[in-house]
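Student: Input structure: query.cif, which contains mmCIF, C-alpha atoms and all ligand atoms.
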data_target
loop_
_atom_site.label_atom_id
_atom_site.label_comp_id
_atom_site.auth_asym_id
_atom_site.auth_seq_id
_atom_site.Cartn_x
_atom_site.Cartn_y
_atom_site.Cartn_z
CA ASP A 4 -15.39 -25.11 4.77
CA ALA A 5 -13.48 -24.04 7.85
CA LEU A 6 -10.17 -25.57 6.81
CA ALA A 7 -10.29 -24.14 3.29
CA ASN A 8 -10.94 -20.74 4.85
CA GLN A 9 -7.97 -21.07 7.16
CA ILE A 10 -5.76 -22.05 4.23
CA ALA A 11 -6.99 -19.08 2.22
CA ALA A 12 -6.41 -16.94 5.29
CA GLY A 13 -2.73 -17.81 5.08
CA GLU A 14 -2.63 -16.02 1.75
CA VAL A 15 -4.74 -13.00 2.59
CA VAL A 16 -4.17 -12.51 6.30
CA GLU A 17 -0.54 -12.56 7.18
CA ARG A 18 -0.55 -10.04 10.01
CA PRO A 19 -2.68 -7.30 11.57
CA VAL A 20 -1.95 -4.83 8.78
CA SER A 21 -3.45 -7.28 6.27
CA VAL A 22 -6.72 -7.24 8.21
CA VAL A 23 -6.73 -3.46 8.49
CA LYS A 24 -6.09 -3.19 4.77
CA GLU A 25 -8.92 -5.52 3.76
CA LEU A 26 -11.41 -3.87 6.11
CA VAL A 27 -10.47 -0.33 5.08
CA GLU A 28 -10.64 -1.27 1.40
CA ASN A 29 -14.11 -2.70 1.92
CA ALA A 30 -15.15 0.55 3.59
CA LEU A 31 -13.76 2.56 0.68
CA ASP A 32 -15.50 0.27 -1.81
CA ALA A 33 -18.74 0.91 0.08
CA GLY A 34 -18.33 4.63 -0.54
CA ALA A 35 -17.50 5.61 3.02
CA THR A 36 -16.48 9.22 3.66
CA GLN A 37 -15.58 8.59 7.29
CA ILE A 38 -13.71 5.58 8.65
CA THR A 39 -12.69 4.98 12.24
CA ILE A 40 -10.23 2.30 13.29
CA TRP A 41 -9.73 1.09 16.85
CA LEU A 42 -6.79 -1.15 17.67
CA GLU A 43 -5.66 -2.92 20.80
CA GLU A 44 -2.10 -4.19 21.04
CA ALA A 45 -1.26 -3.27 17.45
CA GLY A 46 -4.32 -5.13 16.24
CA VAL A 47 -3.42 -8.51 17.69
CA GLU A 48 -6.07 -8.24 20.39
CA LEU A 49 -8.54 -6.08 18.49
CA ILE A 50 -9.10 -4.48 15.11
CA GLU A 51 -12.38 -2.68 14.72
CA VAL A 52 -13.30 -0.69 11.64
CA GLN A 53 -16.41 1.41 11.34
CA ASP A 54 -17.54 3.16 8.20
CA ASN A 55 -20.46 5.30 7.06
CA GLY A 56 -20.66 3.57 3.68
CA ALA A 57 -23.63 1.95 1.97
CA GLY A 58 -24.01 -0.91 4.44
CA ILE A 59 -25.09 -4.44 3.57
CA LEU A 60 -28.66 -5.70 3.13
CA ALA A 61 -29.67 -8.25 5.77
CA GLU A 62 -30.02 -11.02 3.18
CA ASP A 63 -26.51 -10.32 1.90
CA ILE A 64 -24.73 -10.30 5.25
CA PRO A 65 -24.37 -14.10 5.53
CA LEU A 66 -23.09 -14.13 1.93
CA ALA A 67 -20.56 -11.40 2.58
CA VAL A 68 -18.71 -13.60 5.08
CA GLU A 69 -18.73 -16.63 2.80
CA ARG A 70 -15.80 -17.36 0.57
CA HIS A 71 -16.00 -16.17 -3.04
CA ALA A 72 -19.45 -14.78 -2.41
CA THR A 73 -18.32 -11.35 -3.44
CA SER A 74 -21.01 -9.14 -4.87
CA LYS A 75 -18.45 -7.29 -6.94
CA VAL A 76 -17.50 -9.95 -9.44
CA LYS A 77 -20.37 -11.98 -10.78
CA HIS A 78 -18.48 -13.76 -13.47
CA TYR A 79 -14.87 -14.70 -13.84
CA GLU A 80 -14.45 -12.59 -16.99
CA ASP A 81 -15.29 -9.54 -14.91
CA LEU A 82 -11.90 -9.89 -13.27
CA SER A 83 -10.34 -8.01 -16.13
CA ASN A 84 -12.57 -5.03 -15.45
CA VAL A 85 -12.18 -4.33 -11.81
CA ALA A 86 -12.79 -0.86 -10.44
CA SER A 87 -13.26 -1.70 -6.78
CA LEU A 88 -10.38 -2.49 -4.45
CA GLY A 89 -11.68 -5.87 -3.38
CA PHE A 90 -12.67 -8.52 -5.86
CA ARG A 91 -11.55 -11.89 -4.64
CA GLY A 92 -14.39 -12.20 -2.20
CA GLU A 93 -12.39 -14.09 0.36
CA ALA A 94 -11.14 -11.48 2.78
CA LEU A 95 -13.96 -11.52 5.31
CA ALA A 96 -14.27 -15.33 5.25
CA SER A 97 -10.52 -15.68 5.71
CA ILE A 98 -10.31 -13.14 8.50
CA ALA A 99 -13.30 -14.67 10.27
CA SER A 100 -11.69 -18.12 10.15
CA VAL A 101 -8.73 -16.97 12.24
CA SER A 102 -10.39 -14.59 14.71
CA GLN A 103 -13.38 -13.87 16.87
CA PHE A 104 -15.32 -11.95 14.31
CA SER A 105 -18.47 -9.90 14.21
CA LEU A 106 -20.07 -7.73 11.58
CA THR A 107 -22.75 -5.14 12.18
CA SER A 108 -24.31 -3.37 9.24
CA TYR A 109 -27.12 -0.90 8.75
CA HIS A 110 -28.22 -0.43 5.16
CA ALA A 111 -30.58 2.45 4.36
CA ASP A 112 -33.24 0.01 3.09
CA GLU A 113 -33.35 -1.88 6.40
CA PRO A 114 -35.43 -0.88 9.42
CA HIS A 115 -32.40 -1.25 11.73
CA ALA A 116 -28.90 -2.69 11.91
CA TRP A 117 -28.11 -6.40 11.89
CA LEU A 118 -25.37 -8.31 13.66
CA LEU A 119 -23.64 -11.53 12.64
CA GLN A 120 -20.84 -13.15 14.58
CA ASN A 121 -18.89 -16.36 14.55
CA GLN A 122 -18.97 -18.69 17.50
CA ILE A 123 -16.34 -20.74 19.26
CA ASP A 124 -17.34 -23.84 17.26
CA GLY A 125 -16.67 -21.95 14.02
CA ARG A 126 -20.33 -21.72 13.05
CA TRP A 127 -22.13 -18.47 12.37
CA SER A 128 -24.74 -17.10 14.73
CA ASP A 129 -28.19 -16.20 13.44
CA LEU A 130 -28.58 -12.65 12.20
CA THR A 131 -29.81 -10.58 15.12
CA PRO A 132 -31.26 -7.08 15.13
CA THR A 133 -29.10 -4.50 16.83
CA ALA A 134 -28.64 -0.77 17.17
CA ALA A 135 -25.93 0.98 15.16
CA ALA A 136 -25.27 3.94 12.91
CA HIS A 137 -25.71 3.64 9.15
CA GLY A 138 -22.80 1.84 7.57
CA THR A 139 -20.76 -1.14 8.64
CA ARG A 140 -18.69 -2.06 11.66
CA VAL A 141 -16.41 -5.10 11.66
CA LYS A 142 -14.76 -6.34 14.81
CA VAL A 143 -11.82 -8.74 14.68
CA ALA A 144 -10.67 -9.92 18.10
CA SER A 145 -7.91 -12.35 19.14
CA LEU A 146 -6.37 -12.62 15.70
CA PHE A 147 -4.81 -16.06 15.03
CA TYR A 148 -6.05 -17.41 18.37
CA ASN A 149 -6.67 -20.75 16.64
CA THR A 150 -3.53 -20.75 14.48
CA PRO A 151 -0.75 -20.48 17.09
CA ALA A 152 2.02 -20.95 14.53
CA ARG A 153 0.94 -17.81 12.73
CA ARG A 154 0.55 -15.89 15.96
CA LYS A 155 4.09 -16.87 16.93
CA PHE A 156 5.47 -15.31 13.75
CA LEU A 157 4.13 -11.86 14.52
CA LYS A 158 6.71 -9.17 15.15
CA THR A 159 6.77 -6.87 18.16
CA PRO A 160 3.63 -4.76 18.67
CA ARG A 161 5.73 -1.76 17.74
CA ALA A 162 6.72 -3.27 14.39
CA GLU A 163 3.19 -4.45 13.63
CA PHE A 164 1.81 -1.02 14.52
CA SER A 165 4.26 0.79 12.33
CA GLN A 166 3.19 -1.31 9.34
CA ILE A 167 -0.41 -0.32 10.02
CA GLU A 168 0.58 3.34 10.25
CA ASP A 169 2.45 3.11 6.94
CA TYR A 170 -0.54 1.56 5.25
CA LEU A 171 -2.91 4.19 6.64
CA LYS A 172 -0.60 6.97 5.59
CA ARG A 173 -0.74 5.77 2.00
CA THR A 174 -4.49 5.40 2.29
CA LEU A 175 -4.78 8.98 3.51
CA LEU A 176 -2.81 10.16 0.50
CA ALA A 177 -4.83 8.12 -1.99
CA ASN A 178 -8.22 9.02 -0.53
CA GLN A 179 -8.07 12.67 0.34
CA SER A 180 -11.81 13.12 0.52
CA VAL A 181 -12.20 10.40 3.14
CA GLY A 182 -11.92 11.19 6.85
CA LEU A 183 -9.82 8.73 8.81
CA ARG A 184 -9.45 8.40 12.55
CA LEU A 185 -7.12 5.99 14.33
CA VAL A 186 -7.33 5.03 18.00
CA HIS A 187 -4.70 2.72 19.50
CA ASN A 188 -4.99 1.33 23.02
CA GLN A 189 -7.69 3.90 23.70
CA LYS A 190 -5.52 6.83 22.68
CA GLN A 191 -6.24 8.80 19.54
CA VAL A 192 -3.30 8.62 17.13
CA PHE A 193 -4.78 10.87 14.44
CA ASP A 194 -8.03 12.24 13.13
CA TYR A 195 -7.94 13.56 9.58
CA PRO A 196 -11.15 15.22 8.43
CA PRO A 197 -12.25 14.64 4.85
CA ALA A 198 -10.15 16.94 2.69
CA THR A 199 -12.54 18.33 0.14
CA GLN A 200 -11.16 21.83 -0.28
CA ARG A 201 -7.68 22.66 -1.44
CA ALA A 202 -6.62 24.09 1.92
CA ARG A 203 -7.51 20.87 3.72
CA HIS A 204 -5.83 18.90 0.96
CA LEU A 205 -2.60 20.75 1.47
CA SER A 206 -2.78 20.54 5.22
CA ARG A 207 -3.17 16.77 5.01
CA LEU A 208 -0.22 16.58 2.65
CA ALA A 209 1.84 18.81 4.92
CA SER A 210 1.16 16.75 7.96
CA LEU A 211 1.95 13.51 6.15
CA LEU A 212 4.98 14.65 4.17
CA GLY A 213 6.13 17.85 5.85
CA ASP A 214 5.45 21.57 5.34
CA GLU A 215 8.60 21.91 3.34
CA PHE A 216 7.47 19.36 0.79
CA VAL A 217 4.25 21.29 0.23
CA GLU A 218 6.22 24.49 -0.34
CA GLN A 219 8.75 22.82 -2.58
CA SER A 220 6.59 20.66 -4.76
CA LEU A 221 4.59 21.03 -7.93
CA TYR A 222 1.13 19.83 -8.69
CA ILE A 223 1.00 17.92 -11.94
CA ASP A 224 -1.97 16.82 -13.96
CA GLN A 225 -1.45 15.45 -17.44
CA THR A 226 -3.72 13.34 -19.52
CA LEU A 227 -2.31 11.44 -22.45
CA PRO A 228 -3.99 8.77 -24.55
CA GLY A 229 -4.32 5.68 -22.38
CA VAL A 230 -2.87 7.13 -19.20
CA SER A 231 -3.23 10.14 -16.97
CA VAL A 232 -0.66 11.20 -14.41
CA SER A 233 -1.37 13.56 -11.53
CA GLY A 234 -0.12 14.35 -8.05
CA TRP A 235 2.67 16.24 -6.31
CA VAL A 236 6.34 15.99 -7.11
CA SER A 237 9.21 17.69 -5.32
CA LEU A 238 11.20 20.35 -7.12
CA PRO A 239 14.66 19.28 -8.24
CA THR A 240 16.00 21.82 -5.75
CA TYR A 241 14.44 19.99 -2.81
CA HIS A 242 17.12 18.09 -0.97
CA ARG A 243 15.38 16.77 2.09
CA GLY A 244 13.95 13.72 0.40
CA LEU A 245 13.76 10.32 1.97
CA ALA A 246 13.19 7.14 0.05
CA ASP A 247 10.17 6.35 2.20
CA LYS A 248 8.37 9.42 0.91
CA GLN A 249 7.74 8.10 -2.54
CA PHE A 250 4.20 7.04 -3.27
CA VAL A 251 2.69 5.68 -6.45
CA PHE A 252 -0.95 4.75 -6.95
CA VAL A 253 -2.47 3.03 -9.95
CA ASN A 254 -6.22 3.46 -10.33
CA GLY A 255 -6.38 4.39 -6.66
CA ARG A 256 -4.42 1.38 -5.48
CA ILE A 257 -1.15 1.64 -3.66
CA VAL A 258 1.51 -0.12 -5.69
CA ARG A 259 5.17 -0.88 -5.29
CA ASP A 260 6.18 -1.31 -8.86
CA ARG A 261 9.91 -1.15 -9.50
CA GLN A 262 9.55 -0.11 -13.11
CA LEU A 263 7.20 2.75 -12.28
CA LEU A 264 9.53 4.02 -9.57
CA GLN A 265 12.36 3.73 -12.05
CA ALA A 266 10.44 5.79 -14.63
CA ILE A 267 9.96 8.56 -12.08
CA LYS A 268 13.60 8.51 -11.04
CA LEU A 269 14.61 8.71 -14.68
CA ALA A 270 12.44 11.83 -15.04
CA TYR A 271 14.56 13.49 -12.36
CA ALA A 272 17.75 12.19 -13.92
CA ASP A 273 16.57 13.75 -17.21
CA VAL A 274 16.66 17.19 -15.59
CA LEU A 275 20.07 16.41 -14.11
CA TYR A 276 18.78 16.11 -10.59
CA HIS A 277 21.44 14.52 -8.45
CA GLY A 278 19.93 15.12 -5.04
CA ARG A 279 19.22 12.27 -2.72
CA HIS A 280 15.65 11.17 -3.14
CA PRO A 281 12.87 13.05 -4.82
CA VAL A 282 9.61 13.04 -2.88
CA PHE A 283 6.41 12.35 -4.75
CA VAL A 284 2.82 11.30 -4.56
CA VAL A 285 1.89 10.20 -8.06
CA PHE A 286 -1.50 8.98 -9.20
CA ILE A 287 -1.63 7.02 -12.42
CA GLN A 288 -4.93 6.28 -14.05
CA VAL A 289 -5.21 3.75 -16.87
CA PRO A 290 -8.28 2.03 -18.36
CA TYR A 291 -9.27 -0.82 -16.05
CA ASP A 292 -8.99 -3.40 -18.79
CA GLN A 293 -5.38 -2.43 -19.49
CA VAL A 294 -3.99 -3.23 -16.10
CA ASP A 295 -3.80 -6.46 -14.16
CA VAL A 296 -3.95 -5.99 -10.44
CA ASN A 297 -4.68 -9.62 -9.73
CA VAL A 298 -1.03 -10.57 -9.55
CA HIS A 299 -0.85 -11.34 -5.84
CA PRO A 300 -3.45 -11.43 -3.07
CA ALA A 301 -1.64 -8.62 -1.30
CA LYS A 302 -2.33 -6.62 -4.47
CA TYR A 303 0.76 -4.43 -4.46
CA GLU A 304 2.00 -5.35 -7.91
CA VAL A 305 0.51 -4.38 -11.23
CA ARG A 306 0.98 -5.51 -14.78
CA PHE A 307 0.18 -3.11 -17.58
CA GLN A 308 -0.90 -4.22 -20.98
CA HIS A 309 1.15 -1.39 -22.49
CA GLY A 310 3.87 -1.10 -19.89
CA ARG A 311 6.42 0.67 -22.04
CA GLN A 312 3.90 3.35 -23.00
CA VAL A 313 2.79 3.92 -19.41
CA TYR A 314 6.37 4.19 -18.12
CA ASP A 315 7.31 6.61 -20.91
CA HIS A 316 4.29 8.82 -20.27
CA VAL A 317 4.94 8.91 -16.56
CA ARG A 318 8.56 9.81 -17.14
CA ARG A 319 7.69 12.54 -19.63
CA ALA A 320 4.87 14.06 -17.55
CA ILE A 321 7.09 14.40 -14.52
CA ARG A 322 10.13 15.54 -16.45
CA ASP A 323 8.12 18.28 -18.20
CA ALA A 324 6.73 19.47 -14.88
CA VAL A 325 9.96 19.59 -12.92
CA MET A 326 11.81 21.13 -15.85
CA GLN A 327 9.55 24.21 -15.88
CA PRO A 328 11.06 26.03 -12.92
CA LEU A 329 14.55 25.40 -14.31
CA VAL A 330 14.09 27.15 -17.66
P1 LIG B 401 -14.38 -8.48 -1.70
O1 LIG B 401 -14.12 -7.14 -1.08
O2 LIG B 401 -13.19 -9.02 -2.39
O3 LIG B 401 -15.63 -8.52 -2.51
P2 LIG B 401 -14.70 -9.32 1.02
O4 LIG B 401 -14.64 -10.66 1.68
O5 LIG B 401 -13.72 -8.30 1.46
O6 LIG B 401 -14.62 -9.54 -0.53
O7 LIG B 401 -16.16 -8.74 1.20
C1 LIG B 401 -17.27 -9.49 0.75
C2 LIG B 401 -18.44 -8.62 0.40
O8 LIG B 401 -19.02 -8.08 1.59
C3 LIG B 401 -18.10 -7.40 -0.43
O9 LIG B 401 -18.11 -7.73 -1.81
C4 LIG B 401 -19.21 -6.43 -0.08
O10 LIG B 401 -20.36 -6.71 -0.83
C5 LIG B 401 -19.52 -6.78 1.35
N1 LIG B 401 -18.84 -5.87 2.31
C6 LIG B 401 -17.72 -6.15 3.01
N2 LIG B 401 -17.37 -5.11 3.79
C7 LIG B 401 -18.28 -4.14 3.55
C8 LIG B 401 -18.45 -2.79 4.04
N3 LIG B 401 -17.61 -2.26 4.94
N4 LIG B 401 -19.52 -2.09 3.60
C9 LIG B 401 -20.38 -2.63 2.68
N5 LIG B 401 -20.26 -3.89 2.18
C10 LIG B 401 -19.22 -4.63 2.61
MG MG B 402 -12.68 -6.84 0.28
#
What does the file become when written as structure tokens?

Tutor:
Amino acid sequence: DALANQIAAGEVVERPVSVVKELVENALDAGATQITIWLEEAGVELIEVQDNGAGILAEDIPLAVERHATSKVKHYEDLSNVASLGFRGEALASIASVSQFSLTSYHADEPHAWLLQNQIDGRWSDLTPTAAAHGTRVKVASLFYNTPARRKFLKTPRAEFSQIEDYLKRTLLANQSVGLRLVHNQKQVFDYPPATQRARHLSRLASLLGDEFVEQSLYIDQTLPGVSVSGWVSLPTYHRGLADKQFVFVNGRIVRDRQLLQAIKLAYADVLYHGRHPVFVVFIQVPYDQVDVNVHPAKYEVRFQHGRQVYDHVRRAIRDAVMQPLV
């Protein structure tokens, strides 16, 4: 019911960046290769996300905005085997309970797009036919209009916007083959084309992390039993590093795991690197059933079944790579 949704929203939807994250993850889960995001007032007035992904069948649209109606996890046991980014099935319902919400989707098996929106009384409109491109477009207006306490706790638009930018930057790094465009208050902030060739890849990296990083980093790609480690790591001779240029992804998800960061720092310590902060974009892949990403709704933490082994492999893979140029 409405109240349960608002309570759940407190967990999932803390601020505009939480909405952006859930909507972008849904787009990625739907296989989108192009995502456009429009914001007004750092997302407080409007967050609109359009993707060219698979779209949603008409009969599934009302289910998609219901709590725990996720199509991705049919049974609870499936939770241990989660490949998609979303799996709790409560994001859309939660977001819709604290905003003026509409969803338009055009699935290839439908004759046209369909629109569903919530009304002032909290009920859902009937599905209505509409015109739209293939894919899905979700519009979230007046976030927290009905939960003034939450709205009052928002930071300045500048601070909220910078959190959204940080999130999108990590998303751009983790999803190089996806094009991402951001428009804020009717001005285009960026427009990254899908990076499918190496040149585009590097140009995206350069614009996100600096030309110098691209020149002074190594590409690593190591597969060991139970874990593979790939990405870009700065050479030990690179001294321009900043702590906010350290990115770690596990199975495509952005994580902030202290032990993983520690393992990477130890790799640099192993080669006697005493510079300020190494810069890195590291992708770790482990079997889905050996990692628990369901630790917190914000989904930034991970728990590995074989943590020690993963940390050791990560440390060794990076140490071996950055040691090369030194010998
Ligand atoms: P979850 O992502 O955890 O399953 P959500 O509330 O975020 O839950 O979404 C509910 C369901 O709606 C998804 O499982 C998916 O089937 C569908 N859906 C949501 N957004 C999109 C999208 N952009 N494209 C296609 N399907 C979507
Ligand atoms: Mg989701």

Student: As a PyMOL selection string, please: every protein or nucleic acid residue near ligand LIG 401 (chain B) (cut-off 10 Å, counting all atoms listed in the file).

Tutor: chain A and resi 22+24-35+38+52-60+63-76+87-99+106-110+138-141

Student: Would you compute the distance between CA of Gly310 (chain A) and CA of Ser233 (chain A)? Give it in Å to one decimal.

Tutor: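 Pair CA of Gly310 (chain A) / CA of Ser233 (chain A) returns 17.7 Å.
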
Student: Return the single residue from A:Thr240, A:Gln327, A:Thr174, A:Gln37 that is closest to Val284 (chain A), with distances computed using all atoms listed in the file.

Tutor: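 Between A:Thr240, A:Gln327, A:Thr174, A:Gln37, the residue approaching Val284 (chain A) most closely is A:Thr174.
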
Student: Go through A:Asn149, A:Val16, A:Tyr291, A:Ser100 one by one, measure the shortest atom-to-atom distance of each to ligand MG 402 (chain B) using only C-alpha atoms and all ligand atoms, and give the residue with the smallest value.

Tutor: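 Among A:Asn149, A:Val16, A:Tyr291, A:Ser100, it is A:Val16 that comes nearest to ligand MG 402 (chain B).
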
Student: Quick one, how far is CA of Phe147 (chain A) from CA of Leu171 (chain A)?

Tutor: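 So the answer is 22.0 Å.
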
Student: Fewer than 2 positions away in the same chain doesn't count, so skip those; otherwise give me all residues within 9 Å of Gly125 (chain A), counting all atoms listed in the file, as an mmCIF file with C-alpha atoms, keeping the file's coordinate frame.

Tutor:
data_model
loop_
_atom_site.group_PDB
_atom_site.id
_atom_site.type_symbol
_atom_site.label_atom_id
_atom_site.label_comp_id
_atom_site.auth_asym_id
_atom_site.auth_seq_id
_atom_site.Cartn_x
_atom_site.Cartn_y
_atom_site.Cartn_z
ATOM 1 C CA ALA A 5 -13.480 -24.040 7.850
ATOM 2 C CA ALA A 99 -13.300 -14.670 10.270
ATOM 3 C CA SER A 100 -11.690 -18.120 10.150
ATOM 4 C CA ASN A 121 -18.890 -16.360 14.550
ATOM 5 C CA GLN A 122 -18.970 -18.690 17.500
ATOM 6 C CA ILE A 123 -16.340 -20.740 19.260
ATOM 7 C CA TRP A 127 -22.130 -18.470 12.370
#

Student: Quick one: pull the distance between CA of Val232 (chain A) and atom MG of ligand MG 402 (chain B), Å, one decimal.

Tutor: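 The value is 26.2 Å.
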
Student: Let me make sure I understand: among A:Asn178, A:Gln225, A:Ser206, A:Ser105, which one has the smallest atom-to-atom distance to Ala320 (chain A) if we use only C-alpha atoms?

Tutor: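 Smallest separation from Ala320 (chain A) among the options: A:Gln225.
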
Student: Pick out the closest residue to Pro160 (chain A) from this set: A:Val192, A:Ala111, A:Ala198, A:Val20. Count all atoms listed in the file.

Tutor: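 Between A:Val192, A:Ala111, A:Ala198, A:Val20, the residue approaching Pro160 (chain A) most closely is A:Val20.
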
Student: Given the point (-9.0, 5.3, -17.3) in the file's coordinates, find the residues that have an atom at most 8 Å from it, counting only C-alpha atoms, and give them as a PyMOL selection string.

Tutor: chain A and resi 229-231+254+288-291

Student: Taking (10.5, 13.1, -3.3) in the file's own coordinates, collect the residues within 7 Å, counting all atoms listed in the file, and hand them back as a ChimeraX atom specification.

Tutor: /A:236-237,244-245,248-249,280-283

Student: Restricting the output to C-alpha atoms, write the selected residues as a PDB file, in the frame of the given file.

Tutor:
ATOM      1  CA  VAL A 236       6.340  15.990  -7.110  1.00  0.00           C
ATOM      2  CA  SER A 237       9.210  17.690  -5.320  1.00  0.00           C
ATOM      3  CA  GLY A 244      13.950  13.720   0.400  1.00  0.00           C
ATOM      4  CA  LEU A 245      13.760  10.320   1.970  1.00  0.00           C
ATOM      5  CA  LYS A 248       8.370   9.420   0.910  1.00  0.00           C
ATOM      6  CA  GLN A 249       7.740   8.100  -2.540  1.00  0.00           C
ATOM      7  CA  HIS A 280      15.650  11.170  -3.140  1.00  0.00           C
ATOM      8  CA  PRO A 281      12.870  13.050  -4.820  1.00  0.00           C
ATOM      9  CA  VAL A 282       9.610  13.040  -2.880  1.00  0.00           C
ATOM     10  CA  PHE A 283       6.410  12.350  -4.750  1.00  0.00           C
TER      11      PHE A 283
END

Student: Which one is closest to ligand MG 402 (chain B): A:His115, A:Gln308, A:Val317, A:Val15? Count all atoms listed in the file.

Tutor: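 Smallest distance to ligand MG 402 (chain B) is found for A:Val15.
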
Student: Just want the 12 Å neighbourhood of Met326 (chain A), counted on all atoms listed in the file, with same-chain residues fewer than 4 positions away dropped. Output as a list in words.

Tutor: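 Non-adjacent residues within range: Leu221, Ile223, Val236, Ser237, Leu238, Pro239, Thr240, Ala270, Tyr271, Ala272, Asp273, Val274, Leu275, Tyr276, Arg318, Arg319, Ala320, Ile321, Arg322 and Val330 of chain A.
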
Student: Could you check which of A:Ala61, A:Leu264, A:Leu212, A:Leu175 is closest to Asp194 (chain A), using only C-alpha atoms?

Tutor: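 Ranked by minimum distance to Asp194 (chain A), first place goes to A:Leu175.
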